[in-house]
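What follows is the content of final-v6.csv, which has CSV, C-alpha atoms and all ligand atoms:
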```csv
chain,number,residue,atom,x,y,z
A,1,ASN,CA,64.5,107.7,93.2
A,2,ALA,CA,67.5,108.4,91.1
A,3,SER,CA,68.4,106.8,87.7
A,4,LEU,CA,69.8,103.3,87.3
A,5,GLY,CA,73.2,104.8,86.6
A,6,LYS,CA,73.2,107.0,89.7
A,7,ASN,CA,72.2,104.1,91.9
A,8,ALA,CA,74.9,101.8,90.6
A,9,GLU,CA,77.5,104.6,90.9
A,10,ASP,CA,77.2,104.5,94.7
A,11,SER,CA,78.5,100.9,94.6
A,12,GLY,CA,81.3,101.7,92.2
A,13,HIS,CA,79.8,100.2,89.0
A,14,TYR,CA,78.3,101.6,85.8
A,15,ILE,CA,75.1,100.8,84.1
A,16,GLY,CA,75.2,101.1,80.3
A,17,ALA,CA,73.2,100.6,77.2
A,18,SER,CA,74.2,100.0,73.6
A,19,VAL,CA,73.5,102.9,71.3
A,20,ARG,CA,72.7,103.2,67.6
A,21,TRP,CA,73.3,106.4,65.6
A,22,ASP,CA,69.9,106.6,63.8
A,23,PRO,CA,67.6,106.8,66.8
A,24,LEU,CA,70.0,109.0,68.6
A,25,ALA,CA,69.8,111.5,65.8
A,26,ASP,CA,66.0,111.4,65.3
A,27,ASN,CA,64.3,110.2,68.5
A,28,GLU,CA,64.3,112.5,71.5
A,29,LYS,CA,62.7,110.0,73.8
A,30,TYR,CA,65.4,107.5,73.1
A,31,LYS,CA,68.1,110.1,73.7
A,32,ASP,CA,66.5,111.4,76.9
A,33,LEU,CA,66.2,107.9,78.4
A,34,LEU,CA,69.7,107.1,77.4
A,35,VAL,CA,71.4,110.1,79.0
A,36,GLU,CA,69.1,110.1,82.1
A,37,GLU,CA,69.1,106.5,83.0
A,38,PHE,CA,72.6,105.2,82.0
A,39,SER,CA,76.1,106.1,83.1
A,40,SER,CA,77.9,104.3,80.2
A,41,LEU,CA,77.2,103.4,76.6
A,42,THR,CA,78.5,100.9,74.0
A,43,VAL,CA,78.6,101.8,70.3
A,44,GLU,CA,76.4,99.0,69.0
A,45,ASN,CA,77.4,98.9,65.3
A,46,GLU,CA,79.2,102.1,64.3
A,47,MET,CA,82.7,101.0,65.4
A,48,LYS,CA,82.5,97.7,63.5
A,49,MET,CA,85.0,97.2,60.7
A,50,GLU,CA,82.4,97.4,57.9
A,51,ALA,CA,81.2,100.7,59.3
A,52,VAL,CA,84.6,102.5,60.0
A,53,GLN,CA,86.8,101.1,57.3
A,54,PRO,CA,84.5,100.8,54.2
A,55,GLU,CA,87.6,101.0,51.9
A,56,PRO,CA,91.1,99.7,52.7
A,57,GLY,CA,93.0,102.3,54.8
A,58,SER,CA,90.2,104.8,54.5
A,59,TYR,CA,88.4,105.4,57.8
A,60,SER,CA,85.1,107.0,58.5
A,61,PHE,CA,84.7,107.8,62.2
A,62,GLN,CA,81.9,110.3,62.0
A,63,LYS,CA,79.0,108.3,63.3
A,64,ALA,CA,81.0,106.7,66.0
A,65,ASP,CA,82.4,110.1,66.9
A,66,ASP,CA,78.9,111.5,67.3
A,67,ILE,CA,78.0,108.8,69.7
A,68,VAL,CA,81.1,109.2,71.7
A,69,GLU,CA,80.4,113.0,71.9
A,70,THR,CA,77.0,112.3,73.3
A,71,ALA,CA,78.6,110.3,76.1
A,72,GLU,CA,81.2,113.0,76.8
A,73,GLN,CA,78.6,115.7,76.9
A,74,ASN,CA,76.6,113.7,79.5
A,75,GLY,CA,79.4,112.4,81.7
A,76,MET,CA,79.0,108.8,80.5
A,77,LYS,CA,81.7,106.2,80.0
A,78,VAL,CA,82.3,104.6,76.6
A,79,ARG,CA,82.8,100.9,75.8
A,80,GLY,CA,84.3,100.5,72.3
A,81,HIS,CA,83.1,97.5,70.4
A,82,PRO,CA,84.7,95.5,68.7
A,83,LEU,CA,88.3,95.9,67.4
A,84,VAL,CA,88.5,92.3,66.1
A,85,TRP,CA,85.6,90.2,65.0
A,86,GLY,CA,85.0,87.6,62.3
A,87,GLU,CA,81.7,89.3,61.3
A,88,ALA,CA,80.6,92.8,60.1
A,89,LEU,CA,83.7,92.9,57.9
A,90,PRO,CA,83.8,95.0,54.7
A,91,ASP,CA,83.9,92.9,51.5
A,92,TRP,CA,87.4,94.1,50.5
A,93,VAL,CA,88.9,92.2,53.5
A,94,HIS,CA,88.2,88.9,51.6
A,95,GLU,CA,90.3,90.3,48.6
A,96,LYS,CA,93.1,91.9,50.5
A,97,VAL,CA,93.6,89.2,53.2
A,98,VAL,CA,95.2,86.2,51.4
A,99,ASP,CA,98.0,85.0,53.7
A,100,GLU,CA,99.5,85.4,57.1
A,101,GLN,CA,101.4,88.5,56.2
A,102,SER,CA,98.5,90.4,54.7
A,103,ALA,CA,96.2,89.3,57.5
A,104,LYS,CA,98.5,90.7,60.1
A,105,ALA,CA,99.1,93.9,58.2
A,106,VAL,CA,95.3,94.6,57.8
A,107,LEU,CA,94.5,93.7,61.3
A,108,LYS,CA,97.3,95.7,63.0
A,109,ASP,CA,96.4,98.7,60.9
A,110,HIS,CA,92.8,98.5,61.9
A,111,VAL,CA,93.3,97.9,65.6
A,112,GLN,CA,95.8,100.7,65.9
A,113,ALA,CA,93.9,103.2,63.8
A,114,MET,CA,90.8,102.6,66.0
A,115,ALA,CA,92.5,102.4,69.4
A,116,GLY,CA,94.6,105.4,68.5
A,117,HIS,CA,91.7,107.5,67.2
A,118,TYR,CA,89.7,106.9,70.4
A,119,SER,CA,92.7,106.9,72.8
A,120,GLY,CA,91.6,108.7,76.0
A,121,ARG,CA,87.9,108.6,75.0
A,122,VAL,CA,87.1,104.9,75.3
A,123,GLN,CA,87.4,103.5,78.8
A,124,GLU,CA,86.9,99.8,77.9
A,125,TRP,CA,87.5,98.1,74.5
A,126,ASP,CA,86.2,94.8,73.3
A,127,VAL,CA,89.5,94.0,71.6
A,128,VAL,CA,88.5,90.5,70.4
A,129,ASN,CA,84.9,89.4,70.1
A,130,GLU,CA,83.6,85.8,69.8
A,131,ALA,CA,86.7,83.8,69.1
A,132,TRP,CA,85.5,80.4,70.4
A,133,ASN,CA,82.7,78.0,69.4
A,134,ASP,CA,80.4,76.4,72.0
A,135,ASP,CA,82.4,73.2,72.0
A,136,GLY,CA,85.6,75.0,73.0
A,137,SER,CA,87.3,74.9,69.5
A,138,TYR,CA,88.4,78.1,67.8
A,139,ARG,CA,85.9,79.9,65.6
A,140,GLU,CA,87.1,79.8,62.0
A,141,THR,CA,87.2,83.4,61.2
A,142,ILE,CA,89.4,84.9,58.5
A,143,TRP,CA,91.9,86.0,61.2
A,144,PHE,CA,92.1,82.5,62.6
A,145,GLU,CA,92.4,80.9,59.2
A,146,TYR,CA,95.5,82.9,58.2
A,147,ILE,CA,97.1,83.8,61.6
A,148,GLY,CA,96.0,81.0,63.9
A,149,PRO,CA,95.1,81.5,67.6
A,150,GLU,CA,98.0,84.0,67.8
A,151,TYR,CA,95.8,86.7,66.3
A,152,ILE,CA,94.2,87.0,69.8
A,153,PRO,CA,97.3,88.0,71.9
A,154,LEU,CA,98.6,90.0,69.0
A,155,ALA,CA,95.4,92.1,68.9
A,156,PHE,CA,95.7,92.9,72.6
A,157,GLU,CA,99.4,93.9,72.2
A,158,TRP,CA,98.6,96.2,69.2
A,159,ALA,CA,95.7,97.8,71.1
A,160,ARG,CA,97.8,98.5,74.2
A,161,GLU,CA,100.5,100.1,72.0
A,162,ALA,CA,97.9,102.5,70.5
A,163,ASP,CA,96.1,103.2,73.8
A,164,PRO,CA,98.0,102.6,77.0
A,165,GLU,CA,95.1,103.6,79.2
A,166,ALA,CA,91.9,101.8,78.1
A,167,LYS,CA,90.9,98.5,79.8
A,168,LEU,CA,91.2,95.8,77.2
A,169,TYR,CA,88.5,93.1,77.1
A,170,TYR,CA,87.8,89.7,75.5
A,171,ASN,CA,84.1,89.5,74.9
A,172,ASP,CA,81.8,86.5,74.1
A,173,TYR,CA,78.4,85.0,74.5
A,174,GLY,CA,77.6,81.7,76.2
A,175,ASN,CA,80.4,82.3,78.7
A,176,GLU,CA,78.3,83.5,81.6
A,177,MET,CA,78.7,80.1,83.4
A,178,LYS,CA,81.2,77.4,83.3
A,179,ASN,CA,81.0,75.1,80.3
A,180,GLU,CA,83.3,73.7,77.5
A,181,LYS,CA,83.5,77.1,75.8
A,182,THR,CA,84.3,79.0,79.0
A,183,ASP,CA,86.9,76.4,80.0
A,184,ALA,CA,88.7,76.7,76.7
A,185,MET,CA,88.7,80.5,77.0
A,186,PHE,CA,89.9,80.4,80.5
A,187,GLU,CA,92.8,78.1,79.7
A,188,ALA,CA,94.0,80.2,76.8
A,189,LEU,CA,93.4,83.7,78.1
A,190,SER,CA,94.9,83.1,81.5
A,191,ARG,CA,97.9,81.5,79.9
A,192,TRP,CA,98.4,84.5,77.7
A,193,LYS,CA,97.9,86.9,80.6
A,194,ASN,CA,100.5,85.0,82.6
A,195,ASP,CA,102.9,85.5,79.7
A,196,GLY,CA,102.4,89.2,79.9
A,197,VAL,CA,99.7,89.8,77.2
A,198,PRO,CA,97.7,92.9,78.3
A,199,ILE,CA,94.3,91.3,78.7
A,200,ASP,CA,92.5,93.2,81.5
A,201,GLY,CA,88.9,91.9,81.4
A,202,ILE,CA,86.3,89.4,80.3
A,203,GLY,CA,83.0,90.5,78.9
A,204,MET,CA,80.0,88.2,79.3
A,205,GLN,CA,77.5,89.3,76.8
A,206,THR,CA,74.6,87.7,78.6
A,207,HIS,CA,72.0,87.3,75.9
A,208,ILE,CA,69.6,85.1,77.8
A,209,ASP,CA,66.3,83.4,77.0
A,210,ALA,CA,64.0,83.5,79.9
A,211,ALA,CA,62.9,79.9,79.1
A,212,ASP,CA,66.5,78.5,79.3
A,213,PRO,CA,66.7,76.2,82.3
A,214,ARG,CA,70.5,76.5,82.4
A,215,PHE,CA,70.5,80.0,83.8
A,216,SER,CA,71.6,80.0,87.4
A,217,ARG,CA,72.7,83.0,89.5
A,218,GLU,CA,75.0,80.8,91.7
A,219,LYS,CA,76.7,79.3,88.6
A,220,MET,CA,77.2,82.7,87.1
A,221,GLN,CA,78.7,84.1,90.3
A,222,GLU,CA,81.0,81.1,90.6
A,223,ASN,CA,82.3,81.7,87.1
A,224,PHE,CA,82.9,85.5,87.8
A,225,LYS,CA,84.9,84.5,90.8
A,226,ARG,CA,87.1,82.1,88.8
A,227,TRP,CA,88.1,84.9,86.4
A,228,GLU,CA,88.6,87.3,89.3
A,229,ALA,CA,90.9,84.8,91.1
A,230,ALA,CA,93.0,84.7,87.9
A,231,GLY,CA,93.4,88.5,87.9
A,232,PHE,CA,90.8,89.5,85.4
A,233,GLU,CA,88.2,92.2,85.6
A,234,THR,CA,84.7,91.2,84.4
A,235,ALA,CA,81.7,93.0,82.9
A,236,VAL,CA,78.2,92.1,81.7
A,237,THR,CA,78.4,93.6,78.2
A,238,GLU,CA,75.3,93.0,76.2
A,239,MET,CA,72.5,91.9,78.4
A,240,ASP,CA,69.0,91.1,77.2
A,241,VAL,CA,66.4,88.5,78.2
A,242,LYS,CA,64.0,87.1,75.6
A,243,LEU,CA,60.4,86.6,76.8
A,244,GLN,CA,58.6,84.9,74.0
A,245,ASN,CA,59.7,81.3,74.5
A,246,LEU,CA,58.5,81.0,78.0
A,247,ASP,CA,55.2,79.2,78.2
A,248,ALA,CA,53.3,81.3,80.8
A,249,PRO,CA,50.9,84.2,80.9
A,250,ARG,CA,52.4,87.5,79.9
A,251,GLU,CA,52.5,89.0,83.4
A,252,GLU,CA,54.4,85.9,84.7
A,253,ARG,CA,56.8,86.1,81.8
A,254,LEU,CA,57.5,89.7,82.6
A,255,GLN,CA,58.2,88.8,86.2
A,256,ALA,CA,60.4,85.9,85.2
A,257,GLN,CA,62.4,88.3,83.0
A,258,ALA,CA,62.6,90.8,85.8
A,259,ASP,CA,64.0,88.1,88.2
A,260,ILE,CA,66.8,87.3,85.7
A,261,TYR,CA,67.7,91.0,85.4
A,262,ALA,CA,67.8,91.2,89.2
A,263,ASP,CA,69.9,88.1,89.5
A,264,VAL,CA,72.5,89.2,87.0
A,265,THR,CA,72.6,92.7,88.4
A,266,SER,CA,73.2,91.5,91.9
A,267,VAL,CA,76.1,89.2,90.7
A,268,CYS,CA,77.8,92.2,89.1
A,269,MET,CA,77.2,94.5,92.0
A,270,GLU,CA,78.5,92.0,94.5
A,271,GLU,CA,81.7,91.3,92.6
A,272,THR,CA,84.4,93.9,93.0
A,273,SER,CA,85.9,92.6,89.7
A,274,CYS,CA,82.8,93.6,87.8
A,275,SER,CA,83.2,97.0,86.3
A,276,GLY,CA,79.5,97.3,85.3
A,277,LEU,CA,76.6,96.0,83.4
A,278,THR,CA,75.4,97.0,79.9
A,279,VAL,CA,72.1,96.2,78.3
A,280,TRP,CA,72.0,95.7,74.6
A,281,GLY,CA,69.7,98.6,73.6
A,282,VAL,CA,67.6,101.2,75.4
A,283,GLY,CA,64.1,99.9,74.7
A,284,ASP,CA,62.3,97.0,73.0
A,285,ALA,CA,61.5,99.1,69.9
A,286,GLU,CA,65.2,99.3,69.0
A,287,SER,CA,66.4,95.9,70.1
A,288,TRP,CA,68.3,93.7,67.6
A,289,VAL,CA,66.0,90.8,68.8
A,290,THR,CA,62.9,92.7,67.7
A,291,GLY,CA,64.6,93.2,64.3
A,292,GLN,CA,65.0,89.4,63.7
A,293,GLU,CA,62.5,87.8,61.5
A,294,SER,CA,59.5,86.4,63.4
A,295,GLU,CA,60.9,87.4,66.8
A,296,SER,CA,59.4,89.8,69.2
A,297,GLY,CA,61.4,88.9,72.3
A,298,GLU,CA,60.8,92.2,74.1
A,299,PRO,CA,64.2,91.7,75.9
A,300,LEU,CA,65.0,95.1,77.4
A,301,LEU,CA,64.1,97.3,80.4
A,302,PHE,CA,61.8,99.7,78.5
A,303,ASP,CA,58.8,98.6,76.4
A,304,SER,CA,58.1,99.6,72.8
A,305,SER,CA,56.5,102.8,74.0
A,306,TRP,CA,59.5,103.6,76.2
A,307,GLU,CA,57.6,102.8,79.4
A,308,MET,CA,59.5,101.1,82.3
A,309,LYS,CA,58.9,97.4,82.6
A,310,PRO,CA,59.0,95.2,85.7
A,311,ALA,CA,62.6,94.4,84.9
A,312,TYR,CA,63.5,98.0,85.3
A,313,ASP,CA,62.0,98.2,88.8
A,314,ARG,CA,63.5,94.9,89.9
A,315,MET,CA,66.9,96.0,88.7
A,316,LYS,CA,66.7,99.2,90.6
A,317,ARG,CA,65.7,97.5,93.8
A,318,THR,CA,68.8,95.3,93.7
A,319,PHE,CA,70.9,98.5,94.2
A,320,ILE,CA,69.0,99.4,97.3
A,321,PHE,CA,69.6,96.0,98.9
A,322,ASN,CA,73.3,95.8,98.0
B,401,LIG,O1,72.7,100.2,58.6
B,401,LIG,C1,72.0,99.4,57.7
B,401,LIG,C2,70.9,100.1,57.0
B,401,LIG,O2,71.5,101.2,56.3
B,401,LIG,C3,70.1,99.1,56.2
B,401,LIG,O3,69.0,99.8,55.6
B,401,LIG,C4,69.6,98.0,57.0
B,401,LIG,C5,68.9,96.9,56.2
B,401,LIG,O4,69.2,95.6,56.6
B,401,LIG,O5,70.7,97.4,57.6
B,401,LIG,C6,71.4,98.2,58.4
B,401,LIG,O6,72.5,97.5,59.1
B,401,LIG,C7,72.2,96.6,60.0
B,401,LIG,C8,72.7,97.0,61.4
B,401,LIG,O7,72.5,96.0,62.3
B,401,LIG,C9,72.0,98.3,61.9
B,401,LIG,O8,70.7,98.1,62.1
B,401,LIG,C10,72.8,95.3,59.6
B,401,LIG,O9,72.2,94.8,58.4
B,401,LIG,C11,72.6,94.3,60.7
B,401,LIG,O10,73.4,93.1,60.4
B,401,LIG,C12,73.2,94.8,62.0
B,401,LIG,O11,73.0,93.9,63.0
B,401,LIG,C13,73.8,94.0,64.2
B,401,LIG,C14,74.6,92.7,64.4
B,401,LIG,O12,75.3,92.8,65.7
B,401,LIG,C15,75.6,92.5,63.3
B,401,LIG,O13,76.6,93.5,63.3
B,401,LIG,C16,72.8,94.3,65.4
B,401,LIG,O14,72.2,95.6,65.2
B,401,LIG,C17,73.6,94.3,66.7
B,401,LIG,O15,72.7,94.4,67.8
B,401,LIG,C18,74.4,93.0,66.8
B,401,LIG,O16,75.2,93.0,68.0
B,401,LIG,C19,75.9,91.8,68.3
B,401,LIG,C20,77.2,92.3,68.9
B,401,LIG,O17,77.9,93.1,68.0
B,401,LIG,C21,78.1,91.1,69.2
B,401,LIG,N1,77.4,90.1,70.1
B,401,LIG,C22,76.0,89.7,69.6
B,401,LIG,C23,75.2,90.9,69.3
B,401,LIG,C24,73.8,90.5,68.8
B,401,LIG,O18,73.8,89.8,67.6
```
Please go through the file and, once you have read it, give me the structure as structure tokens.
Amino acid sequence: NASLGKNAEDSGHYIGASVRWDPLADNEKYKDLLVEEFSSLTVENEMKMEAVQPEPGSYSFQKADDIVETAEQNGMKVRGHPLVWGEALPDWVHEKVVDEQSAKAVLKDHVQAMAGHYSGRVQEWDVVNEAWNDDGSYRETIWFEYIGPEYIPLAFEWAREADPEAKLYYNDYGNEMKNEKTDAMFEALSRWKNDGVPIDGIGMQTHIDAADPRFSREKMQENFKRWEAAGFETAVTEMDVKLQNLDAPREERLQAQADIYADVTSVCMEETSCSGLTVWGVGDAESWVTGQESESGEPLLFDSSWEMKPAYDRMKRTFIFN
């Protein structure tokens, strides 16, 4: 009855969780569950630009370094997240970035400082995060505004220069199945990849609402296969499943949540292109969903007292049957 991580290892995949610095420093239960159950971690906030580059050109890696060390001491993989995003930016970016030249200079310096600092220690990087809107148009981030869509391939090239080894991922939400957003992404990313841009993989965040009727295991699998056929790796990068919108008794809602965890896990375990699955937090107490006003989505594998939920058991059973 080994841990989730051990079970998945046998089939060549990792199981990860996103991690925050605060509970890691002061909550032993959190740390124990993390290192016992998971074989990979993603740094949830401490590698974001506002956290690591609070002043122009002045980097503070300490908290992210602490998390990476925890992974290394416990034989876990590390997913770095994210090098380029339109959110979680320090205020100074809006003063320094005023045209194409300054945007490229700031972005290149950031990407290369990060990828260089963690070279050899991060196995997968989310190089660009959330660049498309749901309708398939480009998201109007500050990088898009001054550089245009070219900021995406440039970021991958800069990252590869600074770290030749790490797998370089594009990461987004709402791209788990085929739709307008995924189609736009597929068109652009496969075109750039064919032109030689070093894009290795596609991260599907997989923030799901258990009440969303659009979720389908078959459609998800079909989408994973499309990326694989175009030469990409895949990964489930930020999985969680909200409970509260489902109109059913609590026990049934927990089972429905567990079913979705099992479905997504089995898709990843069956696809050789899928490197692994990461859940977005260790337990409900620390989930970003719980932190949102008026939400108690209870979206993770362990409850607010760190007890295993039905989702945990169902996820583990999918390894046995794979
Ligand atoms: O660290 C400060 C703390 O000092 C302060 O007291 C507190 C008061 O608000 O805020 C703390 O920072 C918050 C941080 O989480 C740590 O808890 C930020 O305000 C808050 O905006 C931040 O939210 C994070 C969010 O990304 C924005 O960066 C969530 O934890 C994190 O789970 C979420 O993760 C994103 C992925 O990066 C991208 N995909 C979607 C996913 C969920 O939104």
Test item: residues at most 9 Å from Trp192 in chain A, all atoms listed in the file, excluding those fewer than 6 positions along its chain, as a list in words: Pro153, Pro198 and Ile199 of chain A
Return as a PDB file with C-alpha atoms, keeping the file's coordinate frame the residues of protein, DNA or RNA that approach ligand LIG 401 (chain B) to within 7 Å, with all atoms listed in the file taken into account.
```pdb
ATOM      1  CA  GLU A  44      76.400  99.000  69.000  1.00  0.00           C
ATOM      2  CA  ASN A  45      77.400  98.900  65.300  1.00  0.00           C
ATOM      3  CA  GLU A  87      81.700  89.300  61.300  1.00  0.00           C
ATOM      4  CA  ALA A  88      80.600  92.800  60.100  1.00  0.00           C
ATOM      5  CA  ASP A 172      81.800  86.500  74.100  1.00  0.00           C
ATOM      6  CA  TYR A 173      78.400  85.000  74.500  1.00  0.00           C
ATOM      7  CA  GLN A 205      77.500  89.300  76.800  1.00  0.00           C
ATOM      8  CA  TRP A 280      72.000  95.700  74.600  1.00  0.00           C
ATOM      9  CA  SER A 287      66.400  95.900  70.100  1.00  0.00           C
ATOM     10  CA  TRP A 288      68.300  93.700  67.600  1.00  0.00           C
TER      11      TRP A 288
END
```
Counting all atoms listed in the file, the option among A:Asp66, A:Glu270, A:Asp10, A:Asp247 closest to Ala25 in chain A: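 The closest residue to Ala25 in chain A is A:Asp66.
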Residues near His110 in chain A, cut-off 12 Å, all atoms listed in the file, skip fewer than 4 positions along chain, as an NGL selection string: :A and (47-50 or 52-60 or 82-85 or 89 or 93 or 103-106 or 114-117 or 127 or 155 or 158-159 or 162)
Test item: residues at most 7 Å from range 233-243 of chain A, only C-alpha atoms, excluding those fewer than 6 positions along its chain, as an NGL selection string: :A and (200-210 or 224 or 253 or 257 or 273-280 or 297-300)
Can I get the selection written as a compact mmCIF listing (two decimals), keeping the file's coordinate frame, with C-alpha atoms?
```
# COMPACT_ATOMS: atom_id res chain seq x y z
CA ASP A 200 92.50 93.20 81.50
CA GLY A 201 88.90 91.90 81.40
CA ILE A 202 86.30 89.40 80.30
CA GLY A 203 83.00 90.50 78.90
CA MET A 204 80.00 88.20 79.30
CA GLN A 205 77.50 89.30 76.80
CA THR A 206 74.60 87.70 78.60
CA HIS A 207 72.00 87.30 75.90
CA ILE A 208 69.60 85.10 77.80
CA ASP A 209 66.30 83.40 77.00
CA ALA A 210 64.00 83.50 79.90
CA PHE A 224 82.90 85.50 87.80
CA ARG A 253 56.80 86.10 81.80
CA GLN A 257 62.40 88.30 83.00
CA SER A 273 85.90 92.60 89.70
CA CYS A 274 82.80 93.60 87.80
CA SER A 275 83.20 97.00 86.30
CA GLY A 276 79.50 97.30 85.30
CA LEU A 277 76.60 96.00 83.40
CA THR A 278 75.40 97.00 79.90
CA VAL A 279 72.10 96.20 78.30
CA TRP A 280 72.00 95.70 74.60
CA GLY A 297 61.40 88.90 72.30
CA GLU A 298 60.80 92.20 74.10
CA PRO A 299 64.20 91.70 75.90
CA LEU A 300 65.00 95.10 77.40
```
Among listed residues A:Asp313, A:Val264, A:Glu293, A:Trp132, nearest Asn1 in chain A (using all atoms listed in the file):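 Once distances to Asn1 in chain A are computed over all atoms listed in the file, the minimum belongs to A:Asp313.
Closest approach to Thr272 in chain A among A:Gly196, A:Pro23, A:Gly231, A:Gly136 is made by A:Gly231 (distances from all atoms listed in the file).
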12 Å contact set for Glu150 in chain A, only C-alpha atoms, chain neighbours under 4 positions out, as a PyMOL selection string: chain A and resi 100+103-104+128+131+138+143-146+154-157+188-189+192+197
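Among the candidates A:Glu37, A:Glu307, A:Glu286, A:Glu222, the one nearest to Glu271 in chain A when counting only C-alpha atoms is A:Glu222.
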Using only C-alpha atoms: which of A:Val43, A:Asp135, A:Gly16, A:Trp21 has the shortest distance to Met76 in chain A: A:Gly16
Counting all atoms listed in the file, the residue of A:Phe232, A:Tyr261, A:Tyr14, A:Tyr151 that sits nearest Tyr312 in chain A: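 With all atoms listed in the file as the atom set, the closest residue is A:Tyr261.
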Residues within 12 Å of Thr70 in chain A, only C-alpha atoms, excluding chain neighbours under 4 positions, as a PyMOL selection string: chain A and resi 19-21+24-25+31-32+34-35+39-43+63-66+74-78+121
Atom pair CA of Asn194 in chain A / CA of Met269 in chain A: separation (Å):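 Computed distance, CA of Asn194 in chain A to CA of Met269 in chain A, equals 26.9 Å.
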Atomic separation - CA of Met315 in chain A relative to CA of Tyr30 in chain A, Å: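 Interatomic distance, CA of Tyr30 in chain A to CA of Met315 in chain A: 19.4 Å.
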Length of the CA of Gln244 in chain A to CA of Phe319 in chain A vector [Å]: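 Separating CA of Gln244 in chain A from CA of Phe319 in chain A is a distance of 27.3 Å.
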